[in-house]
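This is target17.txt (compact mmCIF, C-alpha atoms).
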# COMPACT_ATOMS: atom_id res chain seq x y z
CA MET A 736 0.00 0.00 0.00
CA THR A 737 1.58 3.24 -1.09
CA LEU A 738 0.62 5.99 1.27
CA GLY A 739 1.55 9.07 -0.75
CA TYR A 740 1.70 12.53 0.72
CA ALA A 741 -2.07 12.98 0.49
CA GLY A 742 -2.43 9.95 2.76
CA ILE A 743 0.03 11.38 5.29
CA PHE A 744 -1.88 14.66 5.07
CA PHE A 745 -5.08 12.78 5.90
CA TYR A 746 -3.65 11.01 8.97
CA VAL A 747 -2.07 14.20 10.34
CA LEU A 748 -5.28 16.21 9.87
CA ALA A 749 -7.43 13.41 11.31
CA SER A 750 -5.39 13.16 14.49
CA LEU A 751 -5.33 16.97 14.86
CA ALA A 752 -9.11 17.08 14.40
CA VAL A 753 -9.73 14.40 17.03
CA VAL A 754 -7.43 16.10 19.55
CA SER A 755 -8.98 19.53 19.02
CA SER A 756 -12.52 18.12 19.15
CA VAL A 757 -11.67 16.61 22.54
CA MET A 758 -10.43 20.06 23.55
CA VAL A 759 -13.80 21.52 22.44
CA ILE A 760 -15.71 19.43 24.97
CA THR A 761 -13.18 19.68 27.81
CA ARG A 762 -12.36 23.41 27.93
CA LYS A 763 -14.03 25.32 30.73
CA SER A 764 -14.24 28.58 28.80
CA ALA A 765 -16.77 28.65 25.97
CA VAL A 766 -14.56 31.02 23.95
CA HIS A 767 -11.68 28.53 24.00
CA ALA A 768 -14.09 25.80 22.97
CA ALA A 769 -15.21 27.94 20.02
CA MET A 770 -11.58 28.48 18.95
CA PHE A 771 -10.88 24.75 19.02
CA LEU A 772 -14.12 24.24 17.09
CA VAL A 773 -12.79 26.52 14.32
CA PHE A 774 -9.57 24.51 14.24
CA THR A 775 -11.53 21.24 14.00
CA PHE A 776 -13.57 22.63 11.10
CA PHE A 777 -10.41 23.70 9.23
CA CYS A 778 -8.94 20.21 9.68
CA MET A 779 -12.17 18.70 8.35
CA ALA A 780 -11.99 21.02 5.32
CA GLY A 781 -8.46 19.74 4.63
CA ILE A 782 -9.69 16.15 4.86
CA TYR A 783 -12.48 16.93 2.40
CA ILE A 784 -9.83 18.17 -0.03
CA THR A 785 -7.90 14.89 0.26
CA LEU A 786 -11.19 13.13 -0.51
CA SER A 787 -11.44 15.33 -3.65
CA ALA A 788 -14.52 17.23 -2.45
CA GLU A 789 -13.13 20.74 -2.96
CA PHE A 790 -16.53 22.41 -3.11
CA ILE A 791 -17.60 20.93 0.24
CA ALA A 792 -14.27 22.02 1.72
CA ALA A 793 -14.90 25.61 0.61
CA VAL A 794 -18.48 25.50 1.92
CA GLN A 795 -17.18 24.06 5.19
CA VAL A 796 -14.79 26.98 5.67
CA LEU A 797 -17.36 29.58 4.61
CA VAL A 798 -20.40 28.29 6.49
CA TYR A 799 -18.90 26.63 9.56
CA ALA A 800 -15.67 28.50 10.27
CA GLY A 801 -16.99 31.79 8.89
CA GLY A 802 -20.64 31.77 9.85
CA ILE A 803 -21.58 29.32 12.57
CA VAL A 804 -18.59 29.93 14.83
CA VAL A 805 -19.06 33.69 14.56
CA LEU A 806 -22.68 33.14 15.62
CA PHE A 807 -21.44 31.07 18.58
CA LEU A 808 -19.01 33.82 19.58
CA PHE A 809 -21.75 36.45 19.39
CA VAL A 810 -23.99 34.43 21.70
CA ILE A 811 -21.10 33.73 24.10
CA MET A 812 -20.55 37.49 24.21
CA LEU A 813 -24.26 38.23 24.79
CA VAL A 814 -24.65 35.60 27.53
CA PRO A 815 -22.23 36.50 30.34
CA LEU A 816 -21.46 33.34 32.30
CA GLU A 817 -17.96 34.10 33.56
CA GLY A 818 -17.24 32.89 37.08
CA ARG A 819 -20.25 30.63 37.14
CA ILE A 820 -19.41 27.09 38.13
CA THR A 821 -20.75 24.44 35.81
CA ARG A 822 -19.44 21.37 37.54
CA LEU A 823 -20.36 18.01 36.17
CA PRO A 824 -22.00 15.54 38.56
CA VAL A 825 -19.71 12.61 39.34
CA GLY A 826 -20.83 9.42 37.64
CA ARG A 827 -22.51 11.18 34.77
CA GLY A 828 -19.24 11.58 32.88
CA ALA A 829 -18.36 7.95 33.51
CA ALA A 830 -21.81 6.85 32.34
CA ALA A 831 -21.47 8.93 29.16
CA ILE A 832 -18.05 7.50 28.37
CA LEU A 833 -19.35 3.97 29.00
CA LEU A 834 -22.23 4.60 26.61
CA ALA A 835 -19.83 5.96 23.98
CA ALA A 836 -17.58 2.91 24.40
CA LEU A 837 -20.56 0.59 23.92
CA LEU A 838 -21.52 2.48 20.76
CA ALA A 839 -17.91 2.26 19.54
CA VAL A 840 -17.84 -1.52 20.09
CA ALA A 841 -21.14 -1.94 18.24
CA VAL A 842 -20.06 0.13 15.24
CA LEU A 843 -16.56 -1.36 15.11
CA THR A 844 -18.05 -4.86 15.05
CA PHE A 845 -19.99 -3.80 11.99
CA TYR A 846 -16.84 -2.31 10.41
CA GLY A 847 -15.01 -5.55 11.12
CA ARG A 848 -17.59 -7.37 9.02
CA LEU A 849 -17.01 -4.77 6.30
CA ALA A 850 -13.22 -5.30 6.39
CA GLY A 851 -13.40 -8.49 4.30
CA THR A 852 -14.47 -6.52 1.25
CA ASP A 853 -11.11 -4.71 1.16
CA VAL A 854 -12.26 -1.39 -0.21
CA SER A 855 -9.74 1.36 -0.65
CA MET A 856 -10.00 4.82 -2.02
CA SER A 857 -7.76 6.96 -4.07
CA VAL A 858 -7.16 10.55 -3.14
CA GLN A 859 -6.06 11.56 -6.60
CA ALA A 860 -8.56 13.24 -8.83
CA ASP A 861 -9.54 11.19 -11.84
CA ARG A 862 -12.47 12.97 -13.39
CA ALA A 863 -13.06 15.00 -16.49
CA MET A 864 -15.30 17.62 -14.91
CA GLY A 865 -14.32 19.92 -12.09
CA ASN A 866 -15.82 19.18 -8.68
CA ILE A 867 -17.80 22.42 -8.41
CA GLU A 868 -19.21 22.05 -11.90
CA ALA A 869 -20.22 18.44 -11.23
CA VAL A 870 -21.84 19.18 -7.87
CA GLY A 871 -23.66 22.17 -9.36
CA THR A 872 -25.01 20.08 -12.21
CA GLU A 873 -26.29 17.47 -9.74
CA LEU A 874 -27.85 20.13 -7.50
CA TYR A 875 -29.71 21.91 -10.30
CA THR A 876 -30.92 18.84 -12.17
CA ARG A 877 -31.48 15.74 -10.07
CA TYR A 878 -31.77 17.45 -6.68
CA LEU A 879 -33.57 20.62 -7.76
CA LEU A 880 -36.64 20.13 -5.53
CA PRO A 881 -34.62 19.32 -2.35
CA PHE A 882 -32.44 22.33 -3.14
CA GLU A 883 -35.46 24.64 -3.24
CA VAL A 884 -36.92 23.04 -0.10
CA ALA A 885 -33.57 23.67 1.65
CA SER A 886 -33.86 27.37 0.81
CA VAL A 887 -37.35 27.42 2.35
CA LEU A 888 -35.93 25.66 5.42
CA LEU A 889 -33.29 28.37 5.77
CA LEU A 890 -35.96 31.07 5.46
CA VAL A 891 -38.07 29.40 8.16
CA ALA A 892 -35.02 29.02 10.43
CA MET A 893 -34.18 32.70 9.94
CA VAL A 894 -37.71 33.86 10.80
CA GLY A 895 -37.78 31.47 13.76
CA ALA A 896 -34.46 32.75 15.11
CA VAL A 897 -35.57 36.38 14.80
CA VAL A 898 -38.89 35.67 16.56
CA LEU A 899 -37.27 33.64 19.36
CA ALA A 900 -34.58 36.20 20.10
CA ARG A 901 -36.96 39.18 20.26
CA LYS A 902 -37.35 41.13 23.50
CA GLN A 903 -40.87 40.00 24.41
CA LEU A 904 -41.75 36.56 23.18
CA MET B 1117 -2.87 5.06 -6.48
CA ILE B 1118 -4.41 3.41 -3.47
CA VAL B 1119 -3.97 5.63 -0.48
CA VAL B 1120 -6.30 5.57 2.51
CA PRO B 1121 -8.47 2.54 3.33
CA ILE B 1122 -12.10 3.51 3.85
CA GLN B 1123 -12.08 1.88 7.31
CA HIS B 1124 -9.60 4.44 8.59
CA VAL B 1125 -11.86 7.27 7.49
CA LEU B 1126 -14.87 5.56 9.07
CA VAL B 1127 -13.02 4.98 12.36
CA PHE B 1128 -11.94 8.62 12.39
CA SER B 1129 -15.49 9.83 11.83
CA LEU B 1130 -16.69 7.40 14.53
CA ALA B 1131 -14.17 8.94 16.94
CA LEU B 1132 -15.40 12.44 16.11
CA PHE B 1133 -19.02 11.36 16.55
CA LEU B 1134 -18.30 9.76 19.93
CA VAL B 1135 -16.54 12.92 21.13
CA GLY B 1136 -19.75 14.76 20.18
CA VAL B 1137 -21.89 12.22 22.05
CA VAL B 1138 -19.78 12.52 25.20
CA GLY B 1139 -19.92 16.31 24.92
CA VAL B 1140 -23.72 16.33 24.64
CA LEU B 1141 -24.10 13.97 27.60
CA THR B 1142 -21.59 15.54 29.98
CA ARG B 1143 -21.54 19.30 29.44
CA ARG B 1144 -24.13 21.48 31.14
CA ASN B 1145 -23.50 24.67 29.17
CA GLY B 1146 -26.10 24.82 26.39
CA ILE B 1147 -23.68 26.51 23.98
CA ILE B 1148 -21.13 23.68 24.32
CA VAL B 1149 -23.93 21.14 23.81
CA LEU B 1150 -24.74 22.85 20.49
CA MET B 1151 -21.03 22.74 19.54
CA SER B 1152 -20.98 18.99 20.25
CA ILE B 1153 -23.99 18.55 17.98
CA GLU B 1154 -22.04 20.36 15.25
CA LEU B 1155 -19.18 17.88 15.73
CA MET B 1156 -21.58 14.96 15.30
CA LEU B 1157 -23.04 16.47 12.11
CA ASN B 1158 -19.51 16.92 10.78
CA ALA B 1159 -18.77 13.26 11.41
CA ALA B 1160 -21.87 12.34 9.42
CA ASN B 1161 -20.71 14.64 6.59
CA LEU B 1162 -17.33 12.95 6.53
CA ASN B 1163 -18.99 9.56 6.07
CA PHE B 1164 -21.11 10.92 3.22
CA ILE B 1165 -18.05 12.34 1.46
CA ALA B 1166 -15.88 9.26 2.02
CA PHE B 1167 -18.51 6.99 0.49
CA SER B 1168 -19.12 9.51 -2.29
CA ARG B 1169 -15.42 9.21 -3.13
CA LEU B 1170 -15.41 5.44 -2.79
CA LEU B 1171 -18.45 4.86 -4.99
CA SER B 1172 -17.64 7.75 -7.39
CA ASP B 1173 -21.17 9.04 -6.83
CA LEU B 1174 -21.78 12.74 -6.24
CA ALA B 1175 -25.00 12.11 -4.29
CA GLY B 1176 -22.96 11.94 -1.08
CA GLN B 1177 -21.54 15.41 -1.63
CA VAL B 1178 -24.97 16.82 -2.45
CA PHE B 1179 -26.38 15.30 0.74
CA SER B 1180 -23.55 16.73 2.79
CA ILE B 1181 -24.51 20.17 1.44
CA PHE B 1182 -28.05 19.55 2.72
CA VAL B 1183 -26.60 18.49 6.09
CA ILE B 1184 -24.66 21.76 6.25
CA VAL B 1185 -27.84 23.73 5.41
CA THR B 1186 -29.74 21.92 8.18
CA ALA B 1187 -26.87 22.48 10.63
CA ALA B 1188 -26.85 26.20 9.88
CA GLY B 1189 -30.61 26.46 10.49
CA GLU B 1190 -30.39 24.33 13.62
CA VAL B 1191 -27.61 26.39 15.16
CA ALA B 1192 -29.39 29.68 14.41
CA VAL B 1193 -32.61 28.51 16.08
CA GLY B 1194 -30.71 26.82 18.93
CA LEU B 1195 -28.74 29.94 19.78
CA ALA B 1196 -31.90 32.05 19.60
CA ILE B 1197 -33.50 29.65 22.11
CA ILE B 1198 -30.43 30.00 24.35
CA ILE B 1199 -30.67 33.81 24.26
CA SER B 1200 -34.37 33.61 25.05
CA LEU B 1201 -33.70 31.19 27.94
CA PHE B 1202 -31.01 33.42 29.36
CA ARG B 1203 -33.36 36.39 29.19
CA ASN B 1204 -36.09 34.51 31.07
CA SER B 1205 -34.19 32.44 33.62
CA GLU B 1206 -30.62 33.85 33.79
CA SER B 1207 -29.21 30.39 33.19
CA ILE B 1208 -28.30 28.27 30.17
CA ASN B 1209 -27.42 25.12 32.08
CA VAL B 1210 -29.36 22.41 30.32
CA ASP B 1211 -30.23 20.51 33.51
CA GLU B 1212 -31.65 23.58 35.25
CA ILE B 1213 -34.15 24.28 32.49
CA THR B 1214 -37.34 22.52 33.57
CA LEU B 1215 -39.95 24.87 32.12
CA LEU B 1216 -42.04 22.06 30.66
CA LYS B 1217 -41.90 19.81 33.71
CA GLY B 1218 -45.43 19.14 34.96
Could you rewrite the structure in this file as structure tokens?
Amino acid sequence: MTLGYAGIFFYVLASLAVVSSVMVITRKSAVHAAMFLVFTFFCMAGIYITLSAEFIAAVQVLVYAGGIVVLFLFVIMLVPLEGRITRLPVGRGAAAILLAALLAVAVLTFYGRLAGTDVSMSVQADRAMGNIEAVGTELYTRYLLPFEVASVLLLVAMVGAVVLARKQL
Amino acid sequence: MIVVPIQHVLVFSLALFLVGVVGVLTRRNGIIVLMSIELMLNAANLNFIAFSRLLSDLAGQVFSIFVIVTAAGEVAVGLAIIISLFRNSESINVDEITLLKG
């Protein structure tokens, strides 16, 4: 199995993303958590590039790192919680980790069954059309109705957010 | 050129998803809970894109765009709910919010 530098890129980014996602859920300060969240999203965008999904990588950076995290930071700024102790009850963390381990065992058993098929993927691009062009063609032909419904969903979410955050509900 | 086995990508996305699960179950700050949900949605996106690459089918990438759209809407509404909760009860700890408890 030749790894190639794209493969090394994938493993480095994957380990960085896992470490920084653990930091997201362990930091006490919500601002630090948001910073590690940005870092995780950038790592994910890099991984999408190695999987030759350049358009999704760009959308990931624009929407997640540019939009969603800024929204998080605004709300952290509006909701002052400094100095407030949010201690976790003992036993709840252990129970959560146990549950996660059980889920991991279940899914890994399934993956083990999959391992016999020996599927591998290539990171190199081998297509005639560019990724953005191809995704755009799919979106505007085969998935036109879901695309329009998604725009309605965004409109509804926007109206809902404005109504919920108003002064008197 | 054969580079990364699909299992490695799946195990990585499983790890990310489990970090999100543990975050949702253990953190009390509502904002961090929403961040953990974002991590879980990202793990799902990674699976979509890995299989899209493996099967040379663009449907996975299109679906991951829809997941991103849903995540953006979800986080906007979720943060609006958090602001509204903070305005009404001065707390965003998810286990102190018992408004609907009979």
Rounded to one decimal place, report the atom CA of Ala780 of chain A-atom CA of Val796 of chain A distance in Å.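 Separating atom CA of Ala780 of chain A from atom CA of Val796 of chain A is a distance of 6.6 Å.
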Please identify every residue of chain B that has at least one atom no more than 6 Å from any atom of chain A, counting all atoms listed in the file, and report them as a ChimeraX atom specification. /B:1117-1122,1134,1138-1139,1141-1142,1170,1189,1192-1193,1196,1200
Spatial sel., origin (-30.3, 24.9, 31.8), limit 12 Å, only C-alpha atoms, listed as a PyMOL selection string: (chain A and resi 821) or (chain B and resi 1143-1149+1197-1202+1204-1215)
Rank A:Val773, A:Ile867, A:Leu880, A:Ile784 by their smallest atom-to-atom distance to Leu1162 of chain B, using only C-alpha atoms, and report the top residue only.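 The answer is A:Ile784, which sits nearest to Leu1162 of chain B.
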Around segment 829-848 of chain A, with edges along x, y and z and 3 Å added on all six sides, what centre and edge lengths do you get, in Å to one decimal, as lines of an AutoDock Vina configuration file?
center_x = -18.6
center_y = 0.8
center_z = 21.3
size_x = 13.2
size_y = 22.3
size_z = 30.5
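Residue nearest Ala1188 of chain B within the list B:Leu1157, B:Phe1164, B:Val1140, B:Leu1126: B:Leu1157 [criterion: smallest interatomic distance, all atoms listed in the file].
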Just give me the gap between atom CA of Ala793 of chain A and atom CA of Phe777 of chain A in Å, one decimal is fine.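 Computing it gives 9.9 Å between the two atoms.
Between atom CA of Val805 of chain A and atom CA of Val1191 of chain B the separation is 11.3 Å.
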Which residues, written as a PyMOL selection string, have at least one atom at most 7 Å from Phe1167 of chain B, with all atoms listed in the file counted and residues fewer than 4 positions away on the same chain left out? chain B and resi 1163+1171+1176
